[in-house]
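Participant: This is the content of run.csv (CSV, C-alpha atoms):
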chain,number,residue,atom,x,y,z
M,1,MET,CA,125.2,204.1,92.5
M,2,ASP,CA,125.7,201.4,89.9
M,3,PRO,CA,129.3,200.2,89.5
M,4,ALA,CA,129.1,200.5,85.7
M,5,SER,CA,128.1,204.2,86.0
M,6,GLN,CA,131.0,204.8,88.3
M,7,ASP,CA,133.4,203.5,85.6
M,8,ILE,CA,132.1,205.9,82.9
M,9,ASN,CA,131.7,208.9,85.2
M,10,LEU,CA,134.1,211.5,84.0
M,11,ASN,CA,134.0,213.4,87.3
M,12,SER,CA,134.9,210.3,89.3
M,13,PRO,CA,138.3,210.5,90.9
M,14,ASN,CA,138.9,206.8,90.0
M,15,LYS,CA,138.5,207.4,86.3
M,16,GLY,CA,142.2,207.3,85.4
M,17,ASN,CA,142.9,204.3,87.6
M,18,SER,CA,140.1,202.3,85.9
M,19,MET,CA,141.4,203.2,82.4
M,20,ASP,CA,144.9,202.2,83.3
M,21,ARG,CA,143.8,198.9,84.6
M,22,SER,CA,141.8,198.2,81.4
M,23,ASP,CA,144.8,199.1,79.1
M,24,ASN,CA,147.1,196.8,81.1
M,25,ILE,CA,144.9,193.7,80.7
M,26,PRO,CA,146.4,192.4,77.3
M,27,ASP,CA,150.0,192.8,78.7
M,28,VAL,CA,149.1,190.9,81.8
M,29,GLN,CA,147.6,188.1,79.7
M,30,ALA,CA,150.6,187.9,77.5
M,31,GLU,CA,152.9,187.9,80.4
M,32,GLY,CA,150.8,185.2,82.0
M,33,ALA,CA,151.0,183.1,78.9
M,34,ALA,CA,154.7,183.6,78.6
M,35,ALA,CA,155.2,182.7,82.3
M,36,ALA,CA,153.0,179.6,81.8
M,37,ALA,CA,155.1,178.6,78.8
M,38,ASN,CA,158.3,179.2,80.6
M,39,SER,CA,157.1,177.2,83.6
M,40,ALA,CA,156.1,174.3,81.3
M,41,HIS,CA,159.3,174.5,79.2
M,42,PRO,CA,162.2,176.0,81.1
M,43,LEU,CA,164.4,178.2,79.0
M,44,PRO,CA,167.8,176.8,78.0
M,45,PRO,CA,170.8,178.3,79.7
M,46,GLY,CA,171.9,181.6,78.1
M,47,LEU,CA,168.6,182.3,76.4
M,48,THR,CA,166.5,185.3,77.6
M,49,GLU,CA,162.7,185.5,77.6
M,50,GLU,CA,162.7,188.1,74.7
M,51,GLU,CA,164.9,185.8,72.6
M,52,ALA,CA,162.7,182.8,73.4
M,53,GLU,CA,159.6,184.8,72.4
M,54,GLU,CA,161.2,185.8,69.1
M,55,LEU,CA,162.2,182.2,68.3
M,56,HIS,CA,158.6,181.0,69.1
M,57,LEU,CA,157.2,183.6,66.7
M,58,GLU,CA,159.7,182.6,64.0
M,59,LEU,CA,158.8,178.9,64.5
M,60,THR,CA,155.1,179.6,64.1
M,61,LYS,CA,155.8,181.5,60.9
M,62,VAL,CA,157.9,178.7,59.5
M,63,GLU,CA,155.3,176.1,60.3
M,64,GLU,CA,152.6,178.2,58.6
M,65,GLU,CA,154.8,178.5,55.5
M,66,ILE,CA,155.4,174.7,55.5
M,67,ASN,CA,151.6,174.1,55.6
M,68,THR,CA,151.1,176.5,52.8
M,69,LEU,CA,153.8,174.8,50.6
M,70,ARG,CA,152.2,171.4,51.3
M,71,GLN,CA,148.9,172.7,50.1
M,72,VAL,CA,150.5,174.1,47.0
M,73,LEU,CA,152.4,170.9,46.3
M,74,SER,CA,149.2,168.8,46.6
M,75,ALA,CA,147.4,171.1,44.2
M,76,LYS,CA,150.3,170.9,41.7
M,77,GLU,CA,150.4,167.0,41.9
M,78,ARG,CA,146.7,166.9,41.2
M,79,HIS,CA,147.1,169.2,38.2
M,80,ALA,CA,150.0,167.1,36.9
M,81,SER,CA,148.0,163.9,37.2
M,82,GLU,CA,145.2,165.5,35.2
M,83,LEU,CA,147.6,166.6,32.5
M,84,LYS,CA,149.1,163.0,32.3
M,85,ARG,CA,145.6,161.6,32.0
M,86,LYS,CA,144.7,163.9,29.1
M,87,LEU,CA,148.0,163.0,27.4
M,88,GLY,CA,147.4,159.3,27.7
M,89,LEU,CA,150.4,158.7,29.9
M,90,SER,CA,149.8,155.5,31.8
M,91,PRO,CA,151.7,154.5,34.9
M,92,LEU,CA,153.5,151.8,33.0
M,93,ASN,CA,154.7,154.2,30.3
M,94,GLU,CA,155.8,156.6,33.0
M,95,LEU,CA,157.7,153.8,34.7
M,96,LYS,CA,159.4,152.9,31.4
M,97,GLN,CA,160.4,156.6,30.9
M,98,ASN,CA,161.7,156.8,34.4
M,99,ILE,CA,163.8,153.6,34.0
M,100,THR,CA,165.2,154.9,30.7
M,101,LYS,CA,166.0,158.2,32.2
M,102,SER,CA,167.6,156.6,35.2
M,103,TRP,CA,169.8,154.4,33.0
M,104,GLN,CA,170.8,157.4,31.0
M,105,ASP,CA,171.7,159.2,34.2
M,106,VAL,CA,173.7,156.2,35.3
M,107,GLN,CA,175.6,156.0,32.0
M,108,THR,CA,176.5,159.7,32.2
M,109,SER,CA,177.4,159.6,35.9
M,110,GLN,CA,181.0,160.0,37.0
M,111,ALA,CA,180.9,156.6,38.8
M,112,TYR,CA,179.9,154.7,35.7
M,113,VAL,CA,182.4,156.5,33.5
M,114,ARG,CA,185.2,155.8,36.0
M,115,THR,CA,184.2,152.2,36.3
M,116,THR,CA,184.2,151.8,32.5
M,117,GLU,CA,187.6,153.4,32.2
M,118,LYS,CA,188.9,151.2,35.0
M,119,LEU,CA,187.6,148.0,33.3
M,120,SER,CA,189.2,149.0,30.0
M,121,GLU,CA,192.4,149.7,31.8
M,122,TRP,CA,192.3,146.2,33.5
M,123,ASN,CA,191.5,144.5,30.2
M,124,GLU,CA,194.4,146.2,28.5
M,125,ARG,CA,196.7,145.2,31.4
M,126,VAL,CA,195.5,141.6,31.2
M,127,THR,CA,195.9,141.3,27.5
M,128,SER,CA,199.3,142.9,27.5
M,129,SER,CA,200.6,140.8,30.4
M,130,ASP,CA,203.3,138.1,29.9
M,131,LEU,CA,201.1,135.4,31.3
M,132,TYR,CA,198.3,136.1,28.8
M,133,LEU,CA,200.7,136.4,25.9
M,134,SER,CA,202.4,133.2,26.9
M,135,ALA,CA,199.0,131.3,27.1
M,136,SER,CA,197.9,132.7,23.7
M,137,ALA,CA,201.2,131.6,22.2
M,138,THR,CA,200.9,128.2,23.7
M,139,LEU,CA,197.4,127.7,22.3
M,140,ASP,CA,198.6,128.8,18.9
M,141,ASP,CA,201.5,126.4,19.0
M,142,ILE,CA,199.1,123.6,20.0
M,143,ALA,CA,196.7,124.4,17.1
M,144,HIS,CA,199.5,124.4,14.6
M,145,SER,CA,201.3,121.3,16.0
M,146,GLU,CA,201.5,118.0,14.2
M,147,ALA,CA,199.9,116.1,17.0
M,148,TYR,CA,196.8,118.4,17.0
M,149,LYS,CA,196.6,118.0,13.2
M,150,LYS,CA,196.9,114.2,13.4
M,151,THR,CA,194.3,114.0,16.1
M,152,GLN,CA,191.9,116.1,14.1
M,153,GLU,CA,192.5,114.0,11.0
M,154,THR,CA,192.1,110.8,12.9
M,155,LEU,CA,188.7,112.0,14.4
M,156,SER,CA,187.5,113.1,10.9
M,157,GLU,CA,188.6,109.7,9.4
M,158,ALA,CA,186.9,107.8,12.2
M,159,GLY,CA,183.7,109.7,11.6
M,160,SER,CA,183.7,109.0,7.9
M,161,LYS,CA,184.4,105.3,8.5
M,162,THR,CA,181.5,105.1,11.0
M,163,SER,CA,179.1,106.7,8.5
M,164,ALA,CA,180.2,104.4,5.7
M,165,ALA,CA,179.9,101.3,7.9
M,166,LEU,CA,176.3,102.3,8.9
M,167,ASN,CA,175.4,102.8,5.3
M,168,THR,CA,176.9,99.5,4.3
M,169,LEU,CA,175.0,97.7,7.1
M,170,GLY,CA,171.7,99.2,6.1
M,171,THR,CA,172.2,98.2,2.5
M,172,ALA,CA,173.2,94.6,3.5
M,173,ILE,CA,170.1,94.3,5.7
M,174,SER,CA,167.8,95.5,2.9
M,175,ARG,CA,169.5,93.1,0.4
M,176,ARG,CA,169.2,90.2,2.8
M,177,LEU,CA,165.5,90.8,3.4
M,178,GLY,CA,165.0,90.8,-0.4
M,179,ASP,CA,166.9,87.6,-0.8
M,180,MET,CA,164.8,85.9,1.9
M,181,ARG,CA,161.5,87.0,0.2
M,182,ASN,CA,162.6,85.6,-3.1
M,183,SER,CA,164.0,82.3,-1.7
M,184,PRO,CA,162.1,79.0,-2.4
M,185,THR,CA,161.7,78.4,1.3
M,186,PHE,CA,159.8,81.7,1.8
M,187,LYS,CA,157.7,81.1,-1.3
M,188,SER,CA,156.8,77.5,-0.1
M,189,PHE,CA,155.8,78.9,3.3
M,190,GLU,CA,153.7,81.6,1.6
M,191,ASP,CA,151.9,78.9,-0.6
M,192,LYS,CA,151.2,76.8,2.5
M,193,VAL,CA,149.7,79.8,4.3
M,194,GLY,CA,147.6,80.5,1.2
M,195,ASN,CA,146.3,77.0,1.0
M,196,LEU,CA,145.4,76.9,4.7
M,197,LYS,CA,143.5,80.2,4.3
M,198,HIS,CA,141.6,78.7,1.3
M,199,LYS,CA,140.6,75.6,3.3
M,200,VAL,CA,139.5,77.6,6.3
M,201,VAL,CA,137.6,80.4,4.5
M,202,GLY,CA,136.7,78.6,1.3
M,203,PRO,CA,135.5,80.2,-1.9
M,204,ARG,CA,133.2,83.2,-1.5
M,205,GLY,CA,130.4,83.9,-3.9
M,206,ASN,CA,128.0,86.8,-4.1
M,207,GLY,CA,125.9,86.7,-0.9
M,208,ASP,CA,127.3,83.3,0.2
M,209,ALA,CA,127.8,83.1,3.9
M,210,VAL,CA,131.1,81.9,5.3
M,211,SER,CA,130.8,78.7,7.4
M,212,SER,CA,133.2,78.0,10.1
M,213,PRO,CA,135.2,74.7,9.9
M,214,THR,CA,134.1,73.8,13.4
M,215,ASP,CA,130.4,74.2,12.6
M,216,THR,CA,129.1,70.6,12.7
M,217,THR,CA,125.4,71.5,12.9
M,218,PRO,CA,123.7,69.5,10.1
M,219,THR,CA,121.3,71.3,7.7
M,220,ARG,CA,117.8,70.0,7.8
M,221,GLU,CA,115.0,70.8,5.5
M,222,HIS,CA,112.4,71.0,8.3
M,223,PRO,CA,113.4,72.5,11.6
M,224,PRO,CA,112.2,70.8,14.7
M,225,PHE,CA,108.7,71.2,16.0
M,226,GLU,CA,107.5,72.0,12.5
M,227,ASN,CA,104.9,69.8,10.8
M,228,PRO,CA,105.9,68.4,7.5
M,229,PRO,CA,103.7,69.3,4.5
M,230,PHE,CA,101.1,66.8,3.5
So, in terms of structure tokens, how does the structure I just supplied come out?
Facilitator:
Amino acid sequence: MDPASQDINLNSPNKGNSMDRSDNIPDVQAEGAAAAANSAHPLPPGLTEEEAEELHLELTKVEEEINTLRQVLSAKERHASELKRKLGLSPLNELKQNITKSWQDVQTSQAYVRTTEKLSEWNERVTSSDLYLSASATLDDIAHSEAYKKTQETLSEAGSKTSAALNTLGTAISRRLGDMRNSPTFKSFEDKVGNLKHKVVGPRGNGDAVSSPTDTTPTREHPPFENPPF
């Protein structure tokens, strides 16, 4: 008889044993997987197999939740980028807003407030210290002292004298140049230059060519190699 028909024969004496073996197959597989896992990763001391199995199931569930949250976060980021694009928010504007918000957060932070209060306290201590007051009083005494006033007056007077001397020097140079131009020596020299120019250039008429003083070529009525008229 066929082995398959023996398994489904209701009158067979081995019917119950075969059903029991088929029902125990998943448990055997699970036990085999757990045994393989335990053999690959030995259990820590004080941890039973049941507790290890529960922890594995919880870890698997947490990892699935993490993957789901990552997918949701990625979808939310894409949606936010699309909304920013529609609103015309460029990365530069977003960066400016982030910087402004960060600076506002810094100003309102406890560390910034404490630092500002500490600096104000130090400034008050410095300005109210004996050394600062003594230095300020010394500077005031110097500013109101006779030596300081005399030094300031001397510097101001020296500057005024220097300006006056420069103005006087400029006026004297201008007057001297005018006197030289109107002197007989300068006029005689100017007349000599004019006469020399007249001798070199000569009088110019309309259309008259200017001849050079060094031009010694004689003017001839008939150029060479030209037959005279008969």
Participant: Find the axis-aligned box for segment 141-159 of chain M, covering all its listed atoms and adding 8 Å on each side, and write its centre and edge lengths in Å to one decimal as lines of an AutoDock Vina configuration file.
Facilitator:
center_x = 192.6
center_y = 117.1
center_z = 14.7
size_x = 33.8
size_y = 34.6
size_z = 26.6
Participant: To one decimal in Å, tell me the separation between atom CA of Glu65 of chain M and atom CA of Pro44 of chain M.
Facilitator: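 Rounded to one decimal, the two atoms are 26.0 Å apart.
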Participant: Provide the atom CA of Thr127 of chain M to atom CA of Leu139 of chain M distance in Å, to one decimal place.
Facilitator: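 About the pair atom CA of Thr127 of chain M and atom CA of Leu139 of chain M: they are 14.6 Å apart.
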Participant: For the atom pair atom CA of Gln152 of chain M and atom CA of Thr168 of chain M, what is the interatomic distance in Å to one decimal place?
Facilitator: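 Spanning atom CA of Gln152 of chain M to atom CA of Thr168 of chain M is a straight-line distance of 24.4 Å.
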